[in-house]
$ cat data-v9.cif   # mmCIF, C-alpha atoms (C1' of nucleotides)
data_coords
#
loop_
_atom_site.label_atom_id
_atom_site.label_comp_id
_atom_site.auth_asym_id
_atom_site.auth_seq_id
_atom_site.Cartn_x
_atom_site.Cartn_y
_atom_site.Cartn_z
CA MET A 1 103.56 17.51 175.41
CA ASP A 2 107.02 16.32 176.32
CA ASP A 3 109.97 14.77 174.58
CA ARG A 4 108.44 11.32 174.56
CA ASP A 5 105.11 12.41 173.14
CA VAL A 6 106.89 14.13 170.29
CA ARG A 7 108.98 11.06 169.56
CA LEU A 8 105.86 8.94 169.53
CA LEU A 9 103.97 11.22 167.15
CA LYS A 10 106.96 11.46 164.88
CA ALA A 11 107.26 7.68 164.78
CA ILE A 12 103.57 7.35 163.94
CA ALA A 13 104.02 9.82 161.10
CA GLU A 14 107.13 8.12 159.78
CA LEU A 15 106.12 4.50 160.03
CA GLU A 16 102.58 5.34 159.01
CA THR A 17 101.18 2.98 161.56
CA GLY A 18 99.61 3.07 164.98
CA SER A 19 100.78 -0.42 165.85
CA PRO A 20 102.08 -0.34 169.44
CA GLU A 21 104.50 -3.13 168.68
CA ARG A 22 106.14 -1.33 165.78
CA LEU A 23 106.15 1.95 167.64
CA HIS A 24 107.89 0.18 170.46
CA GLU A 25 110.56 -1.13 168.11
CA ALA A 26 111.12 2.31 166.65
CA THR A 27 111.15 4.33 169.83
CA GLY A 28 112.18 1.91 172.55
CA ILE A 29 109.21 3.02 174.64
CA PRO A 30 107.54 0.02 176.36
CA ILE A 31 104.24 -1.08 174.88
CA SER A 32 102.14 -0.43 177.96
CA THR A 33 103.57 3.06 178.16
CA ILE A 34 102.74 3.63 174.52
CA HIS A 35 99.11 2.79 175.26
CA TYR A 36 99.15 5.13 178.22
CA ARG A 37 100.63 7.97 176.17
CA LEU A 38 98.32 7.51 173.22
CA ASN A 39 95.29 7.57 175.49
CA ASN A 40 96.44 10.85 177.01
CA LEU A 41 97.09 12.36 173.59
CA ARG A 42 93.61 11.28 172.55
CA GLU A 43 92.00 12.85 175.59
CA GLY A 44 93.99 16.01 175.05
CA GLY A 45 92.59 16.27 171.55
CA VAL A 46 95.99 15.99 169.87
CA ILE A 47 95.19 12.79 168.05
CA GLU A 48 91.72 11.99 166.96
CA ASN A 49 90.74 8.50 165.96
CA ASP A 50 91.84 4.99 165.02
CA ARG A 51 93.98 6.45 162.33
CA TYR A 52 95.73 8.96 164.57
CA ASP A 53 95.02 12.08 162.65
CA VAL A 54 96.93 14.84 164.32
CA ASP A 55 95.22 18.08 165.27
CA LEU A 56 97.84 20.56 164.16
CA GLU A 57 96.35 23.44 166.16
CA GLU A 58 96.55 21.42 169.35
CA LEU A 59 100.01 20.25 168.47
CA GLY A 60 101.36 23.74 168.01
CA LEU A 61 101.61 23.91 164.23
CA GLY A 62 98.63 26.20 163.83
CA VAL A 63 100.07 28.67 161.32
CA THR A 64 99.39 27.98 157.65
CA VAL A 65 101.13 29.80 154.82
CA ILE A 66 100.61 29.59 151.10
CA VAL A 67 103.64 30.50 149.03
CA GLU A 68 103.78 31.08 145.31
CA VAL A 69 107.23 30.19 144.07
CA HIS A 70 108.38 31.57 140.73
CA ALA A 71 111.35 29.65 139.53
CA ASP A 72 113.76 29.22 136.68
CA TYR A 73 115.24 25.85 137.41
CA GLN A 74 117.45 23.35 135.64
CA GLY A 75 116.26 19.77 135.28
CA SER A 76 112.84 18.28 135.73
CA TYR A 77 110.05 19.90 137.68
CA GLU A 78 109.81 16.75 139.77
CA ARG A 79 113.31 17.24 141.07
CA PHE A 80 112.65 20.87 141.81
CA ALA A 81 109.36 20.05 143.52
CA ASP A 82 111.24 17.58 145.69
CA ARG A 83 113.63 20.27 146.79
CA LEU A 84 110.72 22.52 147.72
CA ARG A 85 109.05 19.70 149.61
CA SER A 86 112.17 18.94 151.57
CA VAL A 87 112.03 22.35 153.24
CA GLU A 88 110.83 21.83 156.81
CA GLY A 89 107.18 22.68 157.28
CA VAL A 90 106.14 22.15 153.66
CA THR A 91 103.20 19.80 153.34
CA ASN A 92 101.90 20.37 149.80
CA VAL A 93 103.65 21.25 146.57
CA TYR A 94 101.66 21.91 143.41
CA PHE A 95 103.31 22.34 140.04
CA THR A 96 100.83 24.40 138.08
CA MET A 97 99.92 25.58 134.62
CA GLY A 98 100.00 29.35 134.32
CA GLU A 99 102.03 32.27 135.58
CA THR A 100 103.09 30.90 138.91
CA ASP A 101 105.28 27.85 138.71
CA PHE A 102 104.69 26.27 142.09
CA ILE A 103 102.21 26.74 144.89
CA VAL A 104 103.44 25.52 148.24
CA ILE A 105 101.50 25.06 151.46
CA ALA A 106 103.32 24.91 154.78
CA ARG A 107 102.40 24.35 158.40
CA LEU A 108 104.42 26.20 160.99
CA SER A 109 104.57 26.92 164.69
CA GLY A 110 104.70 30.71 164.53
CA SER A 111 105.52 33.86 162.61
CA ASP A 112 109.23 33.52 163.23
CA MET A 113 109.16 30.21 161.45
CA VAL A 114 107.55 31.85 158.45
CA GLU A 115 110.56 34.09 157.96
CA ARG A 116 112.82 31.08 158.20
CA LEU A 117 110.72 29.25 155.61
CA ILE A 118 110.76 32.11 153.12
CA ALA A 119 114.48 32.57 153.62
CA GLU A 120 115.05 28.91 152.84
CA PHE A 121 113.03 29.17 149.66
CA GLU A 122 114.88 32.26 148.49
CA GLU A 123 118.17 30.47 149.01
CA LEU A 124 117.19 27.57 146.76
CA GLU A 125 118.98 27.64 143.43
CA GLY A 126 116.52 28.52 140.70
CA VAL A 127 114.02 30.41 142.84
CA ASP A 128 113.37 33.82 141.32
CA ARG A 129 110.70 35.21 143.56
CA THR A 130 108.29 34.13 146.25
CA ASP A 131 104.96 35.58 147.22
CA SER A 132 103.46 34.46 150.49
CA THR A 133 99.96 34.65 151.87
CA PHE A 134 99.03 34.06 155.49
CA VAL A 135 96.06 31.85 156.11
CA ILE A 136 93.65 33.05 158.78
CA SER A 137 91.60 29.89 158.85
CA ALA A 138 92.15 26.55 157.18
CA VAL A 139 89.73 23.70 156.60
CA GLU A 140 91.42 20.58 155.35
CA GLU A 141 89.70 17.32 154.74
CA ARG A 142 91.87 14.37 155.53
CA ASP A 143 90.33 12.36 152.78
CA ALA A 144 89.09 13.55 149.40
CA LEU A 145 86.42 10.86 149.45
CA GLN A 146 84.63 12.61 152.27
CA SER A 147 83.94 15.49 149.95
CA TYR A 148 81.83 13.35 147.67
CA SER A 149 78.42 11.82 148.04
CA LEU A 150 78.17 8.08 147.57
CA GLU A 151 76.08 8.63 144.45
CA THR A 152 78.70 10.76 142.73
CA LEU A 153 81.47 8.35 143.67
CA LEU A 154 79.55 5.42 142.20
CA GLU A 155 78.95 7.36 138.99
CA GLU A 156 82.53 8.48 138.62
CA LEU A 157 84.56 5.57 139.88
CA VAL A 158 82.77 2.33 139.09
CA ASP A 159 84.20 1.01 135.86
CA GLU A 160 82.89 -1.71 133.70
CA MET B 1 86.88 -1.04 141.23
CA ASP B 2 83.26 -1.97 141.57
CA ASP B 3 80.26 -0.81 143.52
CA ARG B 4 81.29 -2.63 146.65
CA ASP B 5 84.82 -1.29 146.67
CA VAL B 6 83.51 2.24 146.38
CA ARG B 7 81.06 1.72 149.22
CA LEU B 8 83.84 0.34 151.37
CA LEU B 9 86.20 3.24 150.68
CA LYS B 10 83.45 5.73 151.29
CA ALA B 11 82.59 4.09 154.62
CA ILE B 12 86.25 4.19 155.65
CA ALA B 13 86.37 7.89 154.83
CA GLU B 14 83.14 8.67 156.64
CA LEU B 15 83.59 6.62 159.77
CA GLU B 16 87.28 7.46 159.88
CA THR B 17 88.13 3.96 160.82
CA GLY B 18 89.44 0.80 159.26
CA SER B 19 87.71 -1.42 161.77
CA PRO B 20 86.18 -4.34 159.86
CA GLU B 21 83.42 -4.66 162.40
CA ARG B 22 82.28 -1.06 162.05
CA LEU B 23 82.64 -1.20 158.29
CA HIS B 24 80.48 -4.28 158.34
CA GLU B 25 77.78 -2.46 160.33
CA ALA B 26 77.86 0.48 157.97
CA THR B 27 77.92 -1.40 154.69
CA GLY B 28 76.36 -4.77 155.44
CA ILE B 29 79.30 -6.49 153.78
CA PRO B 30 80.42 -9.57 155.76
CA ILE B 31 83.62 -9.19 157.72
CA SER B 32 85.63 -11.80 155.89
CA THR B 33 84.63 -10.25 152.61
CA ILE B 34 85.77 -6.88 153.86
CA HIS B 35 89.19 -8.38 154.57
CA TYR B 36 89.29 -9.91 151.16
CA ARG B 37 88.38 -6.62 149.47
CA LEU B 38 90.78 -4.55 151.49
CA ASN B 39 93.63 -6.89 150.67
CA ASN B 40 92.87 -6.57 146.98
CA LEU B 41 92.69 -2.79 147.21
CA ARG B 42 96.03 -2.83 148.97
CA GLU B 43 97.63 -4.99 146.31
CA GLY B 44 96.17 -2.77 143.62
CA GLY B 45 97.83 0.22 145.22
CA VAL B 46 94.57 2.01 145.92
CA ILE B 47 95.01 2.00 149.68
CA GLU B 48 98.40 2.06 151.23
CA ASN B 49 98.84 1.10 154.81
CA ASP B 50 97.26 0.45 158.21
CA ARG B 51 95.65 3.82 158.05
CA TYR B 52 94.12 3.26 154.64
CA ASP B 53 95.43 6.31 152.94
CA VAL B 54 93.84 6.44 149.54
CA ASP B 55 95.95 6.91 146.44
CA LEU B 56 93.80 9.39 144.56
CA GLU B 57 95.53 8.79 141.23
CA GLU B 58 94.82 5.09 141.43
CA LEU B 59 91.29 5.77 142.54
CA GLY B 60 90.49 7.98 139.61
CA LEU B 61 90.55 11.39 141.27
CA GLY B 62 93.84 12.41 139.74
CA VAL B 63 92.97 15.94 138.67
CA THR B 64 93.85 18.72 141.10
CA VAL B 65 92.62 22.28 140.73
CA ILE B 66 93.43 25.35 142.77
CA VAL B 67 90.73 28.01 142.71
CA GLU B 68 90.99 31.55 144.00
CA VAL B 69 87.57 32.68 145.09
CA HIS B 70 86.92 36.39 145.39
CA ALA B 71 83.80 36.97 147.41
CA ASP B 72 81.59 39.60 148.96
CA TYR B 73 79.57 37.58 151.42
CA GLN B 74 77.20 38.25 154.27
CA GLY B 75 77.89 36.72 157.65
CA SER B 76 81.04 35.14 159.03
CA TYR B 77 83.85 33.83 156.89
CA GLU B 78 83.45 30.50 158.66
CA ARG B 79 79.97 30.07 157.30
CA PHE B 80 81.08 31.05 153.84
CA ALA B 81 84.08 28.71 154.01
CA ASP B 82 81.69 25.92 154.96
CA ARG B 83 79.63 26.57 151.88
CA LEU B 84 82.74 26.40 149.71
CA ARG B 85 83.82 23.20 151.39
CA SER B 86 80.47 21.59 150.82
CA VAL B 87 80.96 21.70 147.06
CA GLU B 88 81.77 18.18 145.89
CA GLY B 89 85.43 17.65 145.24
CA VAL B 90 86.70 20.39 147.54
CA THR B 91 89.30 19.15 150.00
CA ASN B 92 90.94 22.32 151.33
CA VAL B 93 89.62 25.80 151.97
CA TYR B 94 91.95 28.58 153.09
CA PHE B 95 90.66 31.97 154.21
CA THR B 96 93.57 34.28 153.57
CA MET B 97 94.91 37.72 154.27
CA GLY B 98 95.40 39.73 151.13
CA GLU B 99 93.72 40.32 147.81
CA THR B 100 92.18 36.93 147.32
CA ASP B 101 89.61 35.98 149.90
CA PHE B 102 89.69 32.21 149.67
CA ILE B 103 91.97 29.65 148.12
CA VAL B 104 90.29 26.34 147.47
CA ILE B 105 91.87 23.04 146.47
CA ALA B 106 89.76 20.36 144.82
CA ARG B 107 90.29 16.79 143.65
CA LEU B 108 88.36 15.69 140.59
CA SER B 109 88.03 12.83 138.17
CA GLY B 110 88.42 14.76 134.94
CA SER B 111 88.22 18.01 133.04
CA ASP B 112 84.45 17.85 132.76
CA MET B 113 84.21 17.82 136.51
CA VAL B 114 86.29 20.99 136.66
CA GLU B 115 83.67 22.87 134.68
CA ARG B 116 81.01 21.60 137.01
CA LEU B 117 83.01 22.70 140.02
CA ILE B 118 83.59 26.23 138.74
CA ALA B 119 79.94 26.52 137.78
CA GLU B 120 78.93 25.55 141.31
CA PHE B 121 81.23 28.17 142.79
CA GLU B 122 79.92 30.88 140.51
CA GLU B 123 76.38 30.07 141.55
CA LEU B 124 77.13 30.53 145.23
CA GLU B 125 75.67 33.72 146.62
CA GLY B 126 78.45 36.15 147.41
CA VAL B 127 80.99 34.81 144.93
CA ASP B 128 82.25 37.65 142.74
CA ARG B 129 84.89 35.98 140.67
CA THR B 130 86.90 32.79 140.50
CA ASP B 131 90.30 32.16 139.05
CA SER B 132 91.34 28.57 138.57
CA THR B 133 94.70 26.96 138.05
CA PHE B 134 95.24 23.40 136.90
CA VAL B 135 97.81 21.40 138.76
CA ILE B 136 100.13 19.31 136.65
CA SER B 137 101.69 17.47 139.52
CA ALA B 138 100.80 17.43 143.19
CA VAL B 139 102.83 16.25 146.17
CA GLU B 140 100.82 16.12 149.36
CA GLU B 141 102.11 14.87 152.62
CA ARG B 142 99.49 13.13 154.62
CA ASP B 143 100.95 14.32 157.85
CA ALA B 144 102.63 17.64 158.56
CA LEU B 145 104.89 15.94 161.07
CA GLN B 146 106.64 14.05 158.32
CA SER B 147 107.92 17.33 157.00
CA TYR B 148 109.92 18.02 160.11
CA SER B 149 113.05 16.49 161.51
CA LEU B 150 112.81 15.10 165.02
CA GLU B 151 115.21 17.79 166.22
CA THR B 152 113.08 20.67 165.01
CA LEU B 153 109.94 19.09 166.43
CA LEU B 154 111.56 18.74 169.84
CA GLU B 155 112.69 22.36 169.75
CA GLU B 156 109.35 23.72 168.66
CA LEU B 157 106.84 21.53 170.45
CA VAL B 158 108.24 20.42 173.76
CA ASP B 159 106.96 22.80 176.41
CA GLU B 160 108.18 23.16 179.91
"C1'" DC C 1 83.74 -13.86 144.11
"C1'" DT C 2 81.57 -14.63 148.57
"C1'" DT C 3 80.97 -16.42 153.03
"C1'" DG C 4 80.98 -18.55 157.86
"C1'" DA C 5 83.66 -20.91 161.18
"C1'" DA C 6 87.86 -21.94 163.42
"C1'" DA C 7 92.57 -20.96 164.62
"C1'" DA C 8 96.33 -17.81 165.31
"C1'" DG C 9 98.02 -13.53 166.27
"C1'" DG C 10 98.14 -8.89 167.94
"C1'" DC C 11 96.02 -5.28 170.94
"C1'" DA C 12 93.95 -3.04 175.16
"C1'" DT C 13 93.49 -3.18 180.00
"C1'" DT C 14 94.70 -4.02 184.49
"C1'" DC C 15 97.63 -4.83 188.23
"C1'" DG C 16 101.71 -5.29 191.16
"C1'" DC C 17 106.04 -3.31 191.50
"C1'" DG D 1 106.93 4.40 184.36
"C1'" DC D 2 107.34 -0.57 183.53
"C1'" DG D 3 106.51 -5.70 182.66
"C1'" DA D 4 103.45 -9.63 182.85
"C1'" DA D 5 99.01 -11.66 182.47
"C1'" DT D 6 94.28 -11.51 180.95
"C1'" DG D 7 90.46 -11.17 177.75
"C1'" DC D 8 89.07 -9.11 173.55
"C1'" DC D 9 89.18 -8.08 168.87
"C1'" DT D 10 91.28 -8.68 164.42
"C1'" DT D 11 93.36 -11.20 160.84
"C1'" DT D 12 94.12 -15.24 158.35
"C1'" DT D 13 92.96 -19.47 156.54
"C1'" DC D 14 90.09 -22.84 154.62
"C1'" DA D 15 86.35 -25.41 152.76
"C1'" DA D 16 82.09 -24.82 150.65
"C1'" DG D 17 78.62 -22.33 147.90
#
$ encode --input "data-v9.cif" --output "structure tokens"
Amino acid sequence: MDDRDVRLLKAIAELETGSPERLHEATGIPISTIHYRLNNLREGGVIENDRYDVDLEELGLGVTVIVEVHADYQGSYERFADRLRSVEGVTNVYFTMGETDFIVIARLSGSDMVERLIAEFEELEGVDRTDSTFVISAVEERDALQSYSLETLLEELVDE
Amino acid sequence: MDDRDVRLLKAIAELETGSPERLHEATGIPISTIHYRLNNLREGGVIENDRYDVDLEELGLGVTVIVEVHADYQGSYERFADRLRSVEGVTNVYFTMGETDFIVIARLSGSDMVERLIAEFEELEGVDRTDSTFVISAVEERDALQSYSLETLLEELVDE
DNA sequence: CTTGAAAAGGCATTCGC
DNA sequence: GCGAATGCCTTTTCAAG
């Protein structure tokens, strides 16, 4: 994993495409080199299929933290949720009914990054209190549809 | 959204590919028809880009629930987490340090499905208690890398 | 709406440098 | 690591059912 690999993966994430041509435009890396790099990343288990799902463990973002954020903010919850999401490492923000205002899930590279994350939350205007839980093991499906059988999907989603 | 659309989306999720040829093999739908359908789904906002990320709101799985599962199970936590994950609708399972044993996130089509989900959890052997929270608004990044700036990624991930 | 065939375009692989 | 050339697969289009 060197500088170029990281740039490539970041470009894939940002452009939301695996198209070598567009990745070339974005990164300046020649197309044949992009193929070469992607093949190596695939063999190394970092990316997984046509759609380039990234294996976060392999990548080095293997630490998951769930943070409850209690807040007393001004303005809409959408705006506040956006501020939470813009903290580096945050992947999911849930605005919930009930005691806790927001539940945030973050992916980090190590314990030191967790401290940094919490510190950033605490500094946000409107954040009263945070309560974090380390995750020992995470199973995340990339696609909610995989969780359902075809039968249930047909029942629930076909409209007429 | 008809029967065929659902079958297509399910095949994409299962095979983890957008390859028309493989989707054709799996579904029996002719290749040119697959193109036609996918273009419509794209225009309708159901799928979003090259990688066919599904918009769950548009699809009809707009309800998100977070469930804390307190359990006293036999065997490894991995096996128990697998049983939780195999409940229809469950997308994420986190085995955590602390009071709560598991935090589960599920995507559902409506409130009636929530009851069904909770009932299924309660029936699982080893589940002591569940505590569910409705999500009013969810922001989920499809890729953890998007959360980071290129600078931080280079600092954290480049090894040498 | 569906489909098969044909044409155009983009992608993967290989090779010489 | 790079650029050019090759063959392959995908996408688009179109006319017909």
$ interface_residues --input "data-v9.cif" --of "chain D" --to "chain B" --cutoff "12 Å" --atoms "all atoms listed in the file" --output "ChimeraX atom specification"
/D:9-14
$ calpha_fit_and_write --input "data-v9.cif" --fixed "chain B" --moving "chain A" --output "tab-separated table (two decimals) with C-alpha atoms, keeping the file's coordinate frame"
chain	number	residue	atom	x	y	z
A	1	MET	CA	86.80	-1.08	141.27
A	2	ASP	CA	83.14	-1.94	141.58
A	3	ASP	CA	80.16	-0.74	143.52
A	4	ARG	CA	81.18	-2.56	146.67
A	5	ASP	CA	84.74	-1.28	146.68
A	6	VAL	CA	83.46	2.26	146.41
A	7	ARG	CA	81.02	1.75	149.27
A	8	LEU	CA	83.81	0.34	151.39
A	9	LEU	CA	86.19	3.22	150.71
A	10	LYS	CA	83.46	5.73	151.35
A	11	ALA	CA	82.64	4.08	154.67
A	12	ILE	CA	86.30	4.14	155.67
A	13	ALA	CA	86.44	7.84	154.86
A	14	GLU	CA	83.24	8.62	156.71
A	15	LEU	CA	83.71	6.56	159.83
A	16	GLU	CA	87.40	7.35	159.89
A	17	THR	CA	88.24	3.82	160.83
A	18	GLY	CA	89.52	0.66	159.23
A	19	SER	CA	87.80	-1.57	161.75
A	20	PRO	CA	86.23	-4.48	159.84
A	21	GLU	CA	83.51	-4.79	162.43
A	22	ARG	CA	82.39	-1.19	162.13
A	23	LEU	CA	82.69	-1.26	158.37
A	24	HIS	CA	80.49	-4.31	158.40
A	25	GLU	CA	77.86	-2.50	160.45
A	26	ALA	CA	77.92	0.47	158.12
A	27	THR	CA	77.91	-1.35	154.81
A	28	GLY	CA	76.33	-4.71	155.52
A	29	ILE	CA	79.24	-6.43	153.79
A	30	PRO	CA	80.32	-9.57	155.71
A	31	ILE	CA	83.54	-9.26	157.67
A	32	SER	CA	85.45	-11.94	155.79
A	33	THR	CA	84.52	-10.27	152.53
A	34	ILE	CA	85.72	-6.95	153.86
A	35	HIS	CA	89.12	-8.50	154.54
A	36	TYR	CA	89.17	-9.97	151.07
A	37	ARG	CA	88.28	-6.64	149.46
A	38	LEU	CA	90.74	-4.61	151.49
A	39	ASN	CA	93.55	-6.98	150.59
A	40	ASN	CA	92.75	-6.60	146.90
A	41	LEU	CA	92.60	-2.82	147.18
A	42	ARG	CA	95.97	-2.91	148.92
A	43	GLU	CA	97.53	-5.05	146.22
A	44	GLY	CA	96.06	-2.81	143.56
A	45	GLY	CA	97.77	0.16	145.14
A	46	VAL	CA	94.51	1.97	145.92
A	47	ILE	CA	95.00	1.94	149.65
A	48	GLU	CA	98.40	2.02	151.17
A	49	ASN	CA	98.95	1.12	154.77
A	50	ASP	CA	97.45	0.44	158.19
A	51	ARG	CA	95.77	3.77	158.04
A	52	TYR	CA	94.21	3.24	154.63
A	53	ASP	CA	95.51	6.29	152.90
A	54	VAL	CA	93.88	6.40	149.52
A	55	ASP	CA	95.95	6.85	146.39
A	56	LEU	CA	93.80	9.35	144.54
A	57	GLU	CA	95.52	8.76	141.19
A	58	GLU	CA	94.77	5.06	141.39
A	59	LEU	CA	91.26	5.76	142.54
A	60	GLY	CA	90.46	7.99	139.61
A	61	LEU	CA	90.55	11.40	141.27
A	62	GLY	CA	93.85	12.41	139.72
A	63	VAL	CA	92.99	15.96	138.66
A	64	THR	CA	93.86	18.73	141.10
A	65	VAL	CA	92.64	22.30	140.73
A	66	ILE	CA	93.43	25.37	142.76
A	67	VAL	CA	90.74	28.03	142.71
A	68	GLU	CA	90.99	31.56	144.00
A	69	VAL	CA	87.57	32.71	145.08
A	70	HIS	CA	86.90	36.43	145.40
A	71	ALA	CA	83.80	36.99	147.40
A	72	ASP	CA	81.60	39.61	148.95
A	73	TYR	CA	79.60	37.59	151.41
A	74	GLN	CA	77.21	38.27	154.26
A	75	GLY	CA	77.91	36.73	157.65
A	76	SER	CA	81.04	35.16	159.02
A	77	TYR	CA	83.86	33.83	156.90
A	78	GLU	CA	83.48	30.49	158.65
A	79	ARG	CA	79.99	30.08	157.30
A	80	PHE	CA	81.09	31.05	153.84
A	81	ALA	CA	84.08	28.72	154.00
A	82	ASP	CA	81.69	25.93	154.94
A	83	ARG	CA	79.62	26.57	151.87
A	84	LEU	CA	82.74	26.41	149.70
A	85	ARG	CA	83.83	23.20	151.39
A	86	SER	CA	80.48	21.57	150.84
A	87	VAL	CA	80.96	21.70	147.07
A	88	GLU	CA	81.78	18.18	145.90
A	89	GLY	CA	85.46	17.66	145.24
A	90	VAL	CA	86.71	20.42	147.54
A	91	THR	CA	89.30	19.18	149.99
A	92	ASN	CA	90.96	22.35	151.31
A	93	VAL	CA	89.63	25.82	151.96
A	94	TYR	CA	91.94	28.60	153.08
A	95	PHE	CA	90.66	31.97	154.20
A	96	THR	CA	93.56	34.30	153.56
A	97	MET	CA	94.91	37.74	154.29
A	98	GLY	CA	95.39	39.79	151.14
A	99	GLU	CA	93.69	40.35	147.82
A	100	THR	CA	92.18	36.95	147.31
A	101	ASP	CA	89.60	36.00	149.88
A	102	PHE	CA	89.68	32.23	149.67
A	103	ILE	CA	91.96	29.66	148.11
A	104	VAL	CA	90.30	26.34	147.45
A	105	ILE	CA	91.88	23.05	146.46
A	106	ALA	CA	89.79	20.34	144.83
A	107	ARG	CA	90.32	16.80	143.64
A	108	LEU	CA	88.37	15.69	140.61
A	109	SER	CA	88.02	12.83	138.18
A	110	GLY	CA	88.44	14.77	134.94
A	111	SER	CA	88.24	18.04	133.06
A	112	ASP	CA	84.48	17.86	132.74
A	113	MET	CA	84.23	17.84	136.49
A	114	VAL	CA	86.29	21.00	136.65
A	115	GLU	CA	83.68	22.91	134.68
A	116	ARG	CA	81.01	21.60	137.00
A	117	LEU	CA	83.03	22.70	140.02
A	118	ILE	CA	83.61	26.22	138.73
A	119	ALA	CA	79.96	26.52	137.78
A	120	GLU	CA	78.94	25.56	141.29
A	121	PHE	CA	81.24	28.17	142.78
A	122	GLU	CA	79.95	30.90	140.50
A	123	GLU	CA	76.40	30.07	141.53
A	124	LEU	CA	77.15	30.53	145.22
A	125	GLU	CA	75.67	33.72	146.62
A	126	GLY	CA	78.44	36.16	147.38
A	127	VAL	CA	81.00	34.84	144.91
A	128	ASP	CA	82.25	37.67	142.73
A	129	ARG	CA	84.89	36.00	140.66
A	130	THR	CA	86.90	32.81	140.51
A	131	ASP	CA	90.31	32.18	139.05
A	132	SER	CA	91.36	28.59	138.57
A	133	THR	CA	94.72	26.99	138.03
A	134	PHE	CA	95.26	23.42	136.88
A	135	VAL	CA	97.82	21.43	138.75
A	136	ILE	CA	100.15	19.33	136.62
A	137	SER	CA	101.72	17.49	139.51
A	138	ALA	CA	100.84	17.45	143.18
A	139	VAL	CA	102.87	16.28	146.15
A	140	GLU	CA	100.87	16.14	149.33
A	141	GLU	CA	102.16	14.89	152.61
A	142	ARG	CA	99.53	13.12	154.61
A	143	ASP	CA	101.00	14.36	157.82
A	144	ALA	CA	102.67	17.69	158.53
A	145	LEU	CA	104.92	16.00	161.07
A	146	GLN	CA	106.70	14.12	158.33
A	147	SER	CA	107.98	17.40	157.00
A	148	TYR	CA	109.94	18.08	160.15
A	149	SER	CA	113.06	16.56	161.59
A	150	LEU	CA	112.82	15.17	165.10
A	151	GLU	CA	115.22	17.86	166.30
A	152	THR	CA	113.07	20.73	165.06
A	153	LEU	CA	109.92	19.16	166.47
A	154	LEU	CA	111.52	18.80	169.90
A	155	GLU	CA	112.66	22.42	169.81
A	156	GLU	CA	109.31	23.77	168.71
A	157	LEU	CA	106.80	21.59	170.46
A	158	VAL	CA	108.17	20.50	173.82
A	159	ASP	CA	106.84	22.90	176.41
A	160	GLU	CA	107.93	23.32	179.94
$ resolve_selection --input "data-v9.cif" --expression "the PyMOL selection byres ((chain B and resi 145) around 10)" --output "mmCIF file with C-alpha atoms, in the frame of the given file"
data_model
loop_
_atom_site.group_PDB
_atom_site.id
_atom_site.type_symbol
_atom_site.label_atom_id
_atom_site.label_comp_id
_atom_site.auth_asym_id
_atom_site.auth_seq_id
_atom_site.Cartn_x
_atom_site.Cartn_y
_atom_site.Cartn_z
ATOM 1 C CA VAL A 6 106.890 14.130 170.290
ATOM 2 C CA LEU A 9 103.970 11.220 167.150
ATOM 3 C CA LYS A 10 106.960 11.460 164.880
ATOM 4 C CA ALA A 11 107.260 7.680 164.780
ATOM 5 C CA ILE A 12 103.570 7.350 163.940
ATOM 6 C CA ALA A 13 104.020 9.820 161.100
ATOM 7 C CA GLU A 14 107.130 8.120 159.780
ATOM 8 C CA VAL A 54 96.930 14.840 164.320
ATOM 9 C CA LEU A 56 97.840 20.560 164.160
ATOM 10 C CA LEU A 59 100.010 20.250 168.470
ATOM 11 C CA LEU A 61 101.610 23.910 164.230
ATOM 12 C CA GLU A 88 110.830 21.830 156.810
ATOM 13 C CA GLY A 89 107.180 22.680 157.280
ATOM 14 C CA VAL A 90 106.140 22.150 153.660
ATOM 15 C CA THR A 91 103.200 19.800 153.340
ATOM 16 C CA ARG A 107 102.400 24.350 158.400
ATOM 17 C CA GLU B 141 102.110 14.870 152.620
ATOM 18 C CA ARG B 142 99.490 13.130 154.620
ATOM 19 C CA ASP B 143 100.950 14.320 157.850
ATOM 20 C CA ALA B 144 102.630 17.640 158.560
ATOM 21 C CA GLN B 146 106.640 14.050 158.320
ATOM 22 C CA SER B 147 107.920 17.330 157.000
ATOM 23 C CA TYR B 148 109.920 18.020 160.110
ATOM 24 C CA SER B 149 113.050 16.490 161.510
ATOM 25 C CA LEU B 150 112.810 15.100 165.020
ATOM 26 C CA LEU B 153 109.940 19.090 166.430
#
$ residues_around --input "data-v9.cif" --residues "segment 64-72 of chain B" --least-positions-apart "6" --cutoff "9 Å" --atoms "only C-alpha atoms (C1' of nucleotides)" --output "ChimeraX atom specification"
/A:94,96 /B:99-109,114,118,121,125-138
$ write_last_selection --input "data-v9.cif" --atoms "C-alpha atoms" --output "compact mmCIF listing (two decimals), keeping the file's coordinate frame"
# COMPACT_ATOMS: atom_id res chain seq x y z
CA TYR A 94 101.66 21.91 143.41
CA THR A 96 100.83 24.40 138.08
CA GLU B 99 93.72 40.32 147.81
CA THR B 100 92.18 36.93 147.32
CA ASP B 101 89.61 35.98 149.90
CA PHE B 102 89.69 32.21 149.67
CA ILE B 103 91.97 29.65 148.12
CA VAL B 104 90.29 26.34 147.47
CA ILE B 105 91.87 23.04 146.47
CA ALA B 106 89.76 20.36 144.82
CA ARG B 107 90.29 16.79 143.65
CA LEU B 108 88.36 15.69 140.59
CA SER B 109 88.03 12.83 138.17
CA VAL B 114 86.29 20.99 136.66
CA ILE B 118 83.59 26.23 138.74
CA PHE B 121 81.23 28.17 142.79
CA GLU B 125 75.67 33.72 146.62
CA GLY B 126 78.45 36.15 147.41
CA VAL B 127 80.99 34.81 144.93
CA ASP B 128 82.25 37.65 142.74
CA ARG B 129 84.89 35.98 140.67
CA THR B 130 86.90 32.79 140.50
CA ASP B 131 90.30 32.16 139.05
CA SER B 132 91.34 28.57 138.57
CA THR B 133 94.70 26.96 138.05
CA PHE B 134 95.24 23.40 136.90
CA VAL B 135 97.81 21.40 138.76
CA ILE B 136 100.13 19.31 136.65
CA SER B 137 101.69 17.47 139.52
CA ALA B 138 100.80 17.43 143.19
